[in-house]
Amino acid sequence: MSPLFQLHAVSWQRQQHWVLRDIDITLPSQHIVGIIGPNGAGKSSLLRLLAAMDQPTFGHISLQQTPLAAMPRSELTRHMAVLGQHADRYTDLTVLDVLRFGLLPHKQWYQWDTAVDTAQLMRALARVDLTHKAQHPFTRLSGGEQQRVLIAKALVQQPQVLLLDEPTNHLDVHYQHQVLHLLTQLDLSVVISIHDLNLAASYCDYLVLLDAGQLIAHGATAEVLQATLLSQVFKLHVDVDQHPRTGKPRISMTLPSEQTFAPNAHACTTSGRHTPCNAIDQPRDIAP
Amino acid sequence: MNKHMLRDLDNQHPQQPGTTMLASLLRRGGVVVLAIVALCVLIGISLLTGSVPFTSHELWQCMQQHCPSAMQDTVFWQIRVPRVLLAMAAGAGLALCGALLQSCTRNPLSDPYLFGIIAGAGLGVTLVTVGGDWLAFDVQHFAVPLAGFIGAMLAIGLGLALSWRLGWQRLDVLVLSGVAVSFFLSAITSLLLYVADPFAANRVMFWLMGSLARADYQALQWITPMLLLTITLMWACRRQLDALLLRDDSARSLGVAVTQLRVGLLLLCAALTAVIVAFCGGIAFVGLMIPHLVRRVTGPKTAGMILGCSLGGAMFLLLVDTLARSILPDQEIPIGIITSAFGSLFFMLFMFRRHTASS
């Protein structure tokens, strides 16, 4: 198993908070690696460091044996493509316009877009099965189609590594599976952060479990998805069995009986629903 | 019929990308040809309009260096032609600056006024005009645009320093710093005008309202190279500018050096606006209105915006200058008044359309 990313004693402090601490890990290449954990665990932060959007406070990260800090941004963008969690503004742009952003790392300022480029864009669209939408306005596509277009844009970059932060957010169940299945077909090294443990179990080959900025476990999917481990991290009753059709781990979670809340009990309200205060997404301060 | 079946039905009539792209190119090409024809017509009308009348035959003779009289020759080559060229260059420059600032800040309301560039130029001109009586007339003629330029650069420098101190990455901080600097410098200008000699204050007020009456080839010598430099750099950075329309992180992940690009383009924009306002005074709304209109035709991509804003800005300011010279007999209206009137009407229409669309 050749290493993709190697992290040595990586810690990251942001705005006086330690968002990641002492992460020592090697991620394999040509696999789908999932980063899982509760809100505030540091999943997106770890992806930011892997994407070289930020530098770790301590430690260092290597991509295919080369230190990330030593790689110029122009070279990095030809090695890896990043899809963020937050939506970009693609107003008034067609699908092909959006895909053209993927050409940016390979183009000099004096070069025009050519027919070869358009053919490359169409090939990328074909891989996500959306050639018929090439001239459609991006914003009129469904959420799943938009995510597939963004993956096609990443493919235009011709990366060896694809980093995706919560790629299934805001998608309905059908599209969640469609997008993740697509990732398995790309023949690339993929690292995703993902909330849904059952999706992670179905599509990831390797998992990294984080909690409060610390590495709890990493390894093959079945090794990480252990009931006791998940129960400890997510503070829930966890049952893990085998999916009858796929044979992959299947996770069921329930709230422990002592943590069920009466309507007038102390609770925080998010999106109109009562939720335990400690379940609300808020930055966690980890003692250094 | 479930949701996925509906999606499949939607996919049954695929558009041919090549055909649609060709149709789109032809449509946009048609708009460009129309705009060039309209610009040529406006140039002709503008050359004919003014206190010294020209017939179209005389205009044709003058263009071939055979003006009927020496007076017409002087008016044509020393006043009309530089004025028309200056109107086109200034209009194109202000519209391009507006487009650049709106891309840089991802804020559709950004324009050179918002960043204090015009307030800074105004302060520089006011200082020289009000306090520069000791300067000889010919020196003052040169000192006014120079002071305007220095004032504009000072304003953008102050705005950048302030936003650097307060949180460089945040676009709202960048815009609000510009607004704060703009109000501060405008307050100093107002105070100076309040205590100044009324005659000098009157001259400054005329400058602040914008005019192309000072048009000469010297102004063009300053503005044209800056305009060409801006167009070249915008073209060279067109893909990076397009990427700036996304979030900063997304642009970075595509290899764009976001901060360096933003600062560089802000300084470029400040320099171009500074030379324009130094010679033409404060001309409001061109940088705000033209990019909005052009974007509706060309889409948001920079390559189309460069051509569209250059043509649109040149046409608009030429039209406004022609109106400024011809609305009142024997009197010229400051063009800033007309651009502001157009601009406010445009915004009312814009808001009504948005309101109608949203409801």
# chains A, B, ... in the order shown; residues from 1 in each chain; ligands from 1
>>> interface_residues(of="chain A", to="chain B", cutoff="7 Å", atoms="only C-alpha atoms", output="list in words")
Arg73, Ser74, Thr77, Ala81, Val82, Asp88, Arg89, Asp92, Phe101, Leu104, Pro105, Trp109, Tyr110, His132, Lys133, Ala134 and Gln135 of chain A
>>> residues_around(residues="A:Gly42", least_positions_apart="5", cutoff="10 Å", atoms="only C-alpha atoms", output="VMD selection string")
chain A and resid 12 18 to 21 35 to 37 47 to 48 193 209 to 215 283 to 284
>>> closest_residue(among="B:Met209, B:Ile333, B:Leu228, B:Ala314", to="B:Ile43", atoms="only C-alpha atoms")
B:Ala314
>>> residues_around(residues="A:Ala222", least_positions_apart="2", cutoff="9 Å", atoms="only C-alpha atoms", output="ChimeraX atom specification")
/A:201,205-207,219-220,224-226,248-249
>>> write_last_selection(atoms="C-alpha atoms", output="PDB file, in the first residue's frame")
ATOM      1  CA  ALA A 201     -19.309   2.099   5.549  1.00  0.00           C
ATOM      2  CA  ASP A 205     -12.151   1.587   1.971  1.00  0.00           C
ATOM      3  CA  TYR A 206     -10.280   3.289   4.779  1.00  0.00           C
ATOM      4  CA  LEU A 207     -11.547   5.435   7.642  1.00  0.00           C
ATOM      5  CA  GLY A 219      -7.686   1.682   9.396  1.00  0.00           C
ATOM      6  CA  ALA A 220      -9.821  -0.456   7.118  1.00  0.00           C
ATOM      7  CA  VAL A 224     -12.802   1.406  12.597  1.00  0.00           C
ATOM      8  CA  LEU A 225     -16.557   0.907  12.657  1.00  0.00           C
ATOM      9  CA  GLN A 226     -16.596  -0.895  16.009  1.00  0.00           C
ATOM     10  CA  LYS A 248     -20.645  -4.115   4.610  1.00  0.00           C
ATOM     11  CA  PRO A 249     -20.983  -2.891   8.211  1.00  0.00           C
TER      12      PRO A 249
END
>>> select_by_dssp(residues="stretch 38-270 of chain A", states="strand (DSSP E)", output="VMD selection string")
chain A and resid 58 to 63 66 to 67 80 to 83 161 to 165 189 to 193 206 to 211 214 to 220 237 to 242 249 to 254 268 to 270
>>> write_last_selection(atoms="N, CA and C atoms", output="CSV table (one decimal), in the first residue's frame")
chain,number,residue,atom,x,y,z
A,58,PHE,N,2.2,22.8,14.2
A,58,PHE,CA,3.3,21.9,14.4
A,58,PHE,C,3.2,20.7,13.5
A,59,GLY,N,4.3,20.0,13.3
A,59,GLY,CA,4.3,18.8,12.5
A,59,GLY,C,4.4,19.2,11.0
A,60,HIS,N,4.4,18.1,10.2
A,60,HIS,CA,4.4,18.4,8.7
A,60,HIS,C,3.6,17.3,8.0
A,61,ILE,N,3.2,17.6,6.8
A,61,ILE,CA,2.4,16.7,5.9
A,61,ILE,C,3.1,16.5,4.6
A,62,SER,N,3.2,15.3,4.1
A,62,SER,CA,3.8,15.0,2.8
A,62,SER,C,2.7,14.4,1.9
A,63,LEU,N,2.8,14.8,0.7
A,63,LEU,CA,2.0,14.2,-0.4
A,63,LEU,C,2.9,13.4,-1.3
A,66,THR,N,6.5,13.9,-0.9
A,66,THR,CA,7.0,15.3,-1.0
A,66,THR,C,6.3,16.2,0.1
A,67,PRO,N,7.1,17.0,0.8
A,67,PRO,CA,6.4,17.8,1.8
A,67,PRO,C,5.5,18.8,1.1
A,80,MET,N,-3.8,17.9,-7.1
A,80,MET,CA,-5.0,17.6,-6.3
A,80,MET,C,-6.1,18.6,-6.6
A,81,ALA,N,-7.3,18.1,-6.6
A,81,ALA,CA,-8.5,19.0,-6.8
A,81,ALA,C,-9.3,19.0,-5.5
A,82,VAL,N,-9.9,20.1,-5.2
A,82,VAL,CA,-10.6,20.2,-3.9
A,82,VAL,C,-12.0,20.7,-4.1
A,83,LEU,N,-13.0,20.0,-3.5
A,83,LEU,CA,-14.3,20.5,-3.6
A,83,LEU,C,-14.8,20.8,-2.1
A,161,VAL,N,-5.3,13.2,-6.9
A,161,VAL,CA,-6.0,13.2,-5.6
A,161,VAL,C,-7.2,14.1,-5.6
A,162,LEU,N,-8.3,13.6,-5.1
A,162,LEU,CA,-9.5,14.4,-5.0
A,162,LEU,C,-9.9,14.5,-3.5
A,163,LEU,N,-10.0,15.8,-3.1
A,163,LEU,CA,-10.4,16.0,-1.7
A,163,LEU,C,-11.8,16.6,-1.7
A,164,LEU,N,-12.7,16.0,-0.9
A,164,LEU,CA,-14.1,16.5,-0.9
A,164,LEU,C,-14.6,16.7,0.5
A,165,ASP,N,-15.1,17.9,0.8
A,165,ASP,CA,-15.6,18.2,2.2
A,165,ASP,C,-17.1,18.0,2.2
A,189,SER,N,-7.3,8.6,-6.1
A,189,SER,CA,-7.2,8.6,-4.7
A,189,SER,C,-8.2,9.7,-4.2
A,190,VAL,N,-9.1,9.3,-3.3
A,190,VAL,CA,-10.1,10.2,-2.9
A,190,VAL,C,-10.1,10.3,-1.3
A,191,VAL,N,-10.2,11.5,-0.8
A,191,VAL,CA,-10.3,11.7,0.6
A,191,VAL,C,-11.6,12.5,0.8
A,192,ILE,N,-12.5,12.0,1.6
A,192,ILE,CA,-13.7,12.8,1.9
A,192,ILE,C,-14.0,12.9,3.4
A,193,SER,N,-14.6,14.0,3.8
A,193,SER,CA,-15.1,14.1,5.1
A,193,SER,C,-16.6,13.8,5.0
A,206,TYR,N,-11.2,3.0,3.7
A,206,TYR,CA,-10.3,3.3,4.8
A,206,TYR,C,-10.9,4.4,5.5
A,207,LEU,N,-10.9,4.4,6.9
A,207,LEU,CA,-11.5,5.4,7.6
A,207,LEU,C,-10.6,6.0,8.7
A,208,VAL,N,-10.8,7.3,8.9
A,208,VAL,CA,-10.1,8.0,10.0
A,208,VAL,C,-11.1,8.6,10.9
A,209,LEU,N,-11.1,8.2,12.2
A,209,LEU,CA,-12.1,8.6,13.1
A,209,LEU,C,-11.5,9.7,14.0
A,210,LEU,N,-12.1,10.9,14.0
A,210,LEU,CA,-11.6,12.0,14.8
A,210,LEU,C,-12.6,12.3,15.9
A,211,ASP,N,-12.1,12.8,17.0
A,211,ASP,CA,-13.1,13.4,18.0
A,211,ASP,C,-12.3,14.5,18.7
A,214,GLN,N,-8.7,15.1,18.0
A,214,GLN,CA,-7.7,14.0,18.2
A,214,GLN,C,-8.0,12.8,17.4
A,215,LEU,N,-7.0,12.1,17.0
A,215,LEU,CA,-7.2,10.9,16.2
A,215,LEU,C,-7.6,9.8,17.2
A,216,ILE,N,-8.8,9.2,16.9
A,216,ILE,CA,-9.2,8.1,17.8
A,216,ILE,C,-8.9,6.7,17.2
A,217,ALA,N,-9.1,6.6,15.9
A,217,ALA,CA,-8.8,5.3,15.2
A,217,ALA,C,-8.6,5.6,13.7
A,218,HIS,N,-7.9,4.7,13.1
A,218,HIS,CA,-7.8,4.7,11.6
A,218,HIS,C,-7.5,3.3,11.1
A,219,GLY,N,-7.9,3.0,9.9
A,219,GLY,CA,-7.7,1.7,9.4
A,219,GLY,C,-8.8,1.3,8.4
A,220,ALA,N,-8.8,0.0,8.0
A,220,ALA,CA,-9.8,-0.5,7.1
A,220,ALA,C,-11.2,-0.2,7.7
A,237,HIS,N,-25.9,4.8,21.9
A,237,HIS,CA,-25.9,3.4,21.8
A,237,HIS,C,-25.7,3.0,20.4
A,238,VAL,N,-24.7,2.2,20.1
A,238,VAL,CA,-24.4,1.8,18.7
A,238,VAL,C,-24.4,0.3,18.5
A,239,ASP,N,-25.1,-0.1,17.5
A,239,ASP,CA,-25.1,-1.5,17.1
A,239,ASP,C,-24.5,-1.6,15.7
A,240,VAL,N,-23.6,-2.5,15.5
A,240,VAL,CA,-23.0,-2.7,14.2
A,240,VAL,C,-23.3,-4.1,13.8
A,241,ASP,N,-23.9,-4.3,12.7
A,241,ASP,CA,-24.1,-5.7,12.1
A,241,ASP,C,-23.7,-5.6,10.6
A,242,GLN,N,-24.0,-6.7,9.9
A,242,GLN,CA,-23.6,-6.8,8.5
A,242,GLN,C,-24.9,-6.5,7.6
A,249,PRO,N,-20.4,-3.2,6.9
A,249,PRO,CA,-21.0,-2.9,8.2
A,249,PRO,C,-22.2,-2.0,8.1
A,250,ARG,N,-23.2,-2.3,9.0
A,250,ARG,CA,-24.4,-1.4,9.1
A,250,ARG,C,-24.5,-0.9,10.5
A,251,ILE,N,-24.7,0.4,10.6
A,251,ILE,CA,-24.6,1.0,12.0
A,251,ILE,C,-26.0,1.5,12.3
A,252,SER,N,-26.4,1.2,13.5
A,252,SER,CA,-27.7,1.7,14.0
A,252,SER,C,-27.4,2.4,15.3
A,253,MET,N,-28.0,3.6,15.5
A,253,MET,CA,-27.6,4.4,16.7
A,253,MET,C,-28.9,4.8,17.4
A,254,THR,N,-28.9,4.8,18.7
A,254,THR,CA,-30.0,5.3,19.5
A,254,THR,C,-29.5,6.2,20.6
A,268,CYS,N,-31.1,23.0,23.8
A,268,CYS,CA,-30.8,24.1,22.8
A,268,CYS,C,-31.7,23.9,21.6
A,269,THR,N,-32.1,24.9,21.0
A,269,THR,CA,-33.0,24.8,19.8
A,269,THR,C,-32.2,25.1,18.6
A,270,THR,N,-32.2,24.1,17.7
A,270,THR,CA,-31.6,24.4,16.4
A,270,THR,C,-32.6,24.0,15.3
>>> residues_around(residues="B:Val52", least_positions_apart="5", cutoff="12 Å", atoms="only C-alpha atoms", output="list in words")
Leu47, Glu58, Leu59, Ser69, Met71, Gln72, Asp73, Thr74, Val75, Phe76, Ile79, Arg80, Arg325, Ser326, Pro329 and Asp330 of chain B
>>> write_last_selection(atoms="N, CA and C atoms", output="PDB file, in the first residue's frame")
ATOM      1  N   LEU B  47     -18.973  64.718 -32.794  1.00  0.00           N
ATOM      2  CA  LEU B  47     -18.063  65.619 -33.523  1.00  0.00           C
ATOM      3  C   LEU B  47     -18.832  66.779 -34.162  1.00  0.00           C
ATOM      4  N   GLU B  58     -18.489  69.301 -44.025  1.00  0.00           N
ATOM      5  CA  GLU B  58     -17.312  69.949 -43.409  1.00  0.00           C
ATOM      6  C   GLU B  58     -16.569  68.962 -42.502  1.00  0.00           C
ATOM      7  N   LEU B  59     -17.359  68.158 -41.819  1.00  0.00           N
ATOM      8  CA  LEU B  59     -16.748  67.150 -40.934  1.00  0.00           C
ATOM      9  C   LEU B  59     -15.865  66.201 -41.756  1.00  0.00           C
ATOM     10  N   SER B  69     -12.096  76.292 -42.848  1.00  0.00           N
ATOM     11  CA  SER B  69     -11.473  77.486 -42.262  1.00  0.00           C
ATOM     12  C   SER B  69     -10.475  77.079 -41.180  1.00  0.00           C
ATOM     13  N   MET B  71     -10.287  78.385 -38.263  1.00  0.00           N
ATOM     14  CA  MET B  71     -10.982  78.311 -36.974  1.00  0.00           C
ATOM     15  C   MET B  71     -11.603  76.914 -36.791  1.00  0.00           C
ATOM     16  N   GLN B  72     -12.252  76.429 -37.863  1.00  0.00           N
ATOM     17  CA  GLN B  72     -12.859  75.092 -37.784  1.00  0.00           C
ATOM     18  C   GLN B  72     -11.795  74.012 -37.600  1.00  0.00           C
ATOM     19  N   ASP B  73     -10.650  74.244 -38.266  1.00  0.00           N
ATOM     20  CA  ASP B  73      -9.551  73.282 -38.136  1.00  0.00           C
ATOM     21  C   ASP B  73      -9.100  73.186 -36.675  1.00  0.00           C
ATOM     22  N   THR B  74      -8.957  74.378 -36.034  1.00  0.00           N
ATOM     23  CA  THR B  74      -8.539  74.401 -34.626  1.00  0.00           C
ATOM     24  C   THR B  74      -9.589  73.742 -33.739  1.00  0.00           C
ATOM     25  N   VAL B  75     -10.853  74.140 -33.954  1.00  0.00           N
ATOM     26  CA  VAL B  75     -11.929  73.577 -33.127  1.00  0.00           C
ATOM     27  C   VAL B  75     -11.963  72.061 -33.289  1.00  0.00           C
ATOM     28  N   PHE B  76     -11.862  71.614 -34.554  1.00  0.00           N
ATOM     29  CA  PHE B  76     -11.987  70.174 -34.806  1.00  0.00           C
ATOM     30  C   PHE B  76     -10.836  69.398 -34.183  1.00  0.00           C
ATOM     31  N   ILE B  79     -10.064  70.679 -30.112  1.00  0.00           N
ATOM     32  CA  ILE B  79     -11.116  70.605 -29.078  1.00  0.00           C
ATOM     33  C   ILE B  79     -11.995  69.357 -29.245  1.00  0.00           C
ATOM     34  N   ARG B  80     -12.623  69.239 -30.435  1.00  0.00           N
ATOM     35  CA  ARG B  80     -13.606  68.153 -30.602  1.00  0.00           C
ATOM     36  C   ARG B  80     -12.968  66.762 -30.536  1.00  0.00           C
ATOM     37  N   ARG B 325     -23.231  69.056 -23.729  1.00  0.00           N
ATOM     38  CA  ARG B 325     -22.874  70.207 -24.568  1.00  0.00           C
ATOM     39  C   ARG B 325     -24.063  70.767 -25.336  1.00  0.00           C
ATOM     40  N   SER B 326     -25.157  69.993 -25.413  1.00  0.00           N
ATOM     41  CA  SER B 326     -26.230  70.427 -26.307  1.00  0.00           C
ATOM     42  C   SER B 326     -27.580  70.672 -25.635  1.00  0.00           C
ATOM     43  N   PRO B 329     -28.530  75.930 -24.472  1.00  0.00           N
ATOM     44  CA  PRO B 329     -27.822  76.708 -25.493  1.00  0.00           C
ATOM     45  C   PRO B 329     -26.690  77.531 -24.867  1.00  0.00           C
ATOM     46  N   ASP B 330     -25.533  77.502 -25.494  1.00  0.00           N
ATOM     47  CA  ASP B 330     -24.353  78.290 -25.072  1.00  0.00           C
ATOM     48  C   ASP B 330     -23.918  77.990 -23.643  1.00  0.00           C
TER      49      ASP B 330
END
>>> atom_distance(atom1="atom CA of B:Gly120", atom2="atom CA of B:Gly93")
17.8 Å
>>> decode(residues="stretch 103-207 of chain A", atoms="C-alpha atoms", output="mmCIF file, in the first residue's frame")
data_model
loop_
_atom_site.group_PDB
_atom_site.id
_atom_site.type_symbol
_atom_site.label_atom_id
_atom_site.label_comp_id
_atom_site.auth_asym_id
_atom_site.auth_seq_id
_atom_site.Cartn_x
_atom_site.Cartn_y
_atom_site.Cartn_z
ATOM 1 C CA LEU A 103 -8.499 24.195 -16.983
ATOM 2 C CA LEU A 104 -7.053 27.096 -14.993
ATOM 3 C CA PRO A 105 -4.059 25.256 -13.457
ATOM 4 C CA HIS A 106 -2.964 24.054 -16.908
ATOM 5 C CA LYS A 107 -3.309 27.283 -18.864
ATOM 6 C CA GLN A 108 -0.878 30.134 -19.393
ATOM 7 C CA TRP A 109 -2.286 33.646 -19.594
ATOM 8 C CA TYR A 110 -1.674 33.936 -23.341
ATOM 9 C CA GLN A 111 -3.368 30.652 -24.237
ATOM 10 C CA TRP A 112 -6.875 30.568 -25.657
ATOM 11 C CA ASP A 113 -9.393 27.843 -24.965
ATOM 12 C CA THR A 114 -9.210 25.424 -27.882
ATOM 13 C CA ALA A 115 -11.331 22.671 -29.397
ATOM 14 C CA VAL A 116 -9.052 20.187 -27.601
ATOM 15 C CA ASP A 117 -10.021 21.813 -24.300
ATOM 16 C CA THR A 118 -13.718 21.597 -25.149
ATOM 17 C CA ALA A 119 -13.263 17.917 -26.011
ATOM 18 C CA GLN A 120 -11.585 17.414 -22.637
ATOM 19 C CA LEU A 121 -14.494 19.129 -20.879
ATOM 20 C CA MET A 122 -16.975 16.926 -22.727
ATOM 21 C CA ARG A 123 -14.991 13.814 -21.756
ATOM 22 C CA ALA A 124 -15.139 14.855 -18.101
ATOM 23 C CA LEU A 125 -18.884 15.457 -18.431
ATOM 24 C CA ALA A 126 -19.276 12.026 -20.018
ATOM 25 C CA ARG A 127 -17.604 10.446 -16.989
ATOM 26 C CA VAL A 128 -20.308 11.909 -14.758
ATOM 27 C CA ASP A 129 -22.981 11.111 -17.362
ATOM 28 C CA LEU A 130 -24.062 14.708 -17.962
ATOM 29 C CA THR A 131 -23.015 15.484 -21.555
ATOM 30 C CA HIS A 132 -26.605 16.383 -22.401
ATOM 31 C CA LYS A 133 -26.496 19.189 -19.821
ATOM 32 C CA ALA A 134 -23.398 20.919 -21.216
ATOM 33 C CA GLN A 135 -25.176 24.150 -22.128
ATOM 34 C CA HIS A 136 -27.633 24.174 -19.232
ATOM 35 C CA PRO A 137 -27.343 26.948 -16.632
ATOM 36 C CA PHE A 138 -25.535 25.422 -13.662
ATOM 37 C CA THR A 139 -27.939 26.855 -11.101
ATOM 38 C CA ARG A 140 -30.926 25.150 -12.754
ATOM 39 C CA LEU A 141 -29.501 21.666 -12.210
ATOM 40 C CA SER A 142 -30.604 19.526 -9.294
ATOM 41 C CA GLY A 143 -28.326 19.291 -6.258
ATOM 42 C CA GLY A 144 -27.015 15.885 -7.317
ATOM 43 C CA GLU A 145 -26.315 17.032 -10.858
ATOM 44 C CA GLN A 146 -24.514 20.123 -9.548
ATOM 45 C CA GLN A 147 -22.300 17.953 -7.366
ATOM 46 C CA ARG A 148 -21.539 15.692 -10.349
ATOM 47 C CA VAL A 149 -20.649 18.735 -12.461
ATOM 48 C CA LEU A 150 -18.279 19.904 -9.724
ATOM 49 C CA ILE A 151 -16.673 16.463 -9.678
ATOM 50 C CA ALA A 152 -16.316 16.725 -13.472
ATOM 51 C CA LYS A 153 -14.690 20.142 -12.974
ATOM 52 C CA ALA A 154 -12.248 18.508 -10.583
ATOM 53 C CA LEU A 155 -11.539 15.813 -13.206
ATOM 54 C CA VAL A 156 -10.704 18.511 -15.770
ATOM 55 C CA GLN A 157 -7.894 19.502 -13.420
ATOM 56 C CA GLN A 158 -6.451 16.010 -14.106
ATOM 57 C CA PRO A 159 -5.602 15.440 -10.437
ATOM 58 C CA GLN A 160 -4.204 12.331 -8.828
ATOM 59 C CA VAL A 161 -5.993 13.156 -5.578
ATOM 60 C CA LEU A 162 -9.518 14.405 -5.008
ATOM 61 C CA LEU A 163 -10.442 16.026 -1.676
ATOM 62 C CA LEU A 164 -14.121 16.540 -0.896
ATOM 63 C CA ASP A 165 -15.597 18.161 2.189
ATOM 64 C CA GLU A 166 -19.047 16.727 2.958
ATOM 65 C CA PRO A 167 -19.928 16.031 -0.695
ATOM 66 C CA THR A 168 -23.334 14.589 0.220
ATOM 67 C CA ASN A 169 -24.539 17.556 2.279
ATOM 68 C CA HIS A 170 -27.956 18.837 1.194
ATOM 69 C CA LEU A 171 -28.489 15.918 -1.210
ATOM 70 C CA ASP A 172 -31.426 13.546 -1.031
ATOM 71 C CA VAL A 173 -30.747 9.866 -0.385
ATOM 72 C CA HIS A 174 -30.763 8.886 -4.073
ATOM 73 C CA TYR A 175 -28.163 11.508 -4.982
ATOM 74 C CA GLN A 176 -26.013 10.740 -1.928
ATOM 75 C CA HIS A 177 -25.531 7.202 -3.220
ATOM 76 C CA GLN A 178 -25.193 8.352 -6.826
ATOM 77 C CA VAL A 179 -22.397 10.832 -5.996
ATOM 78 C CA LEU A 180 -20.479 8.436 -3.751
ATOM 79 C CA HIS A 181 -20.831 5.595 -6.247
ATOM 80 C CA LEU A 182 -19.407 7.917 -8.875
ATOM 81 C CA LEU A 183 -16.342 8.512 -6.681
ATOM 82 C CA THR A 184 -15.683 4.763 -6.599
ATOM 83 C CA GLN A 185 -15.604 4.702 -10.420
ATOM 84 C CA LEU A 186 -13.008 7.437 -10.899
ATOM 85 C CA ASP A 187 -9.833 5.429 -10.365
ATOM 86 C CA LEU A 188 -8.378 8.229 -8.226
ATOM 87 C CA SER A 189 -7.204 8.607 -4.668
ATOM 88 C CA VAL A 190 -10.117 10.220 -2.862
ATOM 89 C CA VAL A 191 -10.317 11.714 0.624
ATOM 90 C CA ILE A 192 -13.741 12.802 1.860
ATOM 91 C CA SER A 193 -15.101 14.058 5.122
ATOM 92 C CA ILE A 194 -18.498 12.558 5.766
ATOM 93 C CA HIS A 195 -21.117 12.622 8.505
ATOM 94 C CA ASP A 196 -23.197 9.607 7.563
ATOM 95 C CA LEU A 197 -21.545 6.502 8.973
ATOM 96 C CA ASN A 198 -23.587 4.102 6.851
ATOM 97 C CA LEU A 199 -22.544 5.909 3.665
ATOM 98 C CA ALA A 200 -18.954 5.836 4.893
ATOM 99 C CA ALA A 201 -19.309 2.099 5.549
ATOM 100 C CA SER A 202 -20.722 1.505 2.062
ATOM 101 C CA TYR A 203 -18.266 3.491 -0.014
ATOM 102 C CA CYS A 204 -15.016 4.075 1.906
ATOM 103 C CA ASP A 205 -12.151 1.587 1.971
ATOM 104 C CA TYR A 206 -10.280 3.289 4.779
ATOM 105 C CA LEU A 207 -11.547 5.435 7.642
#
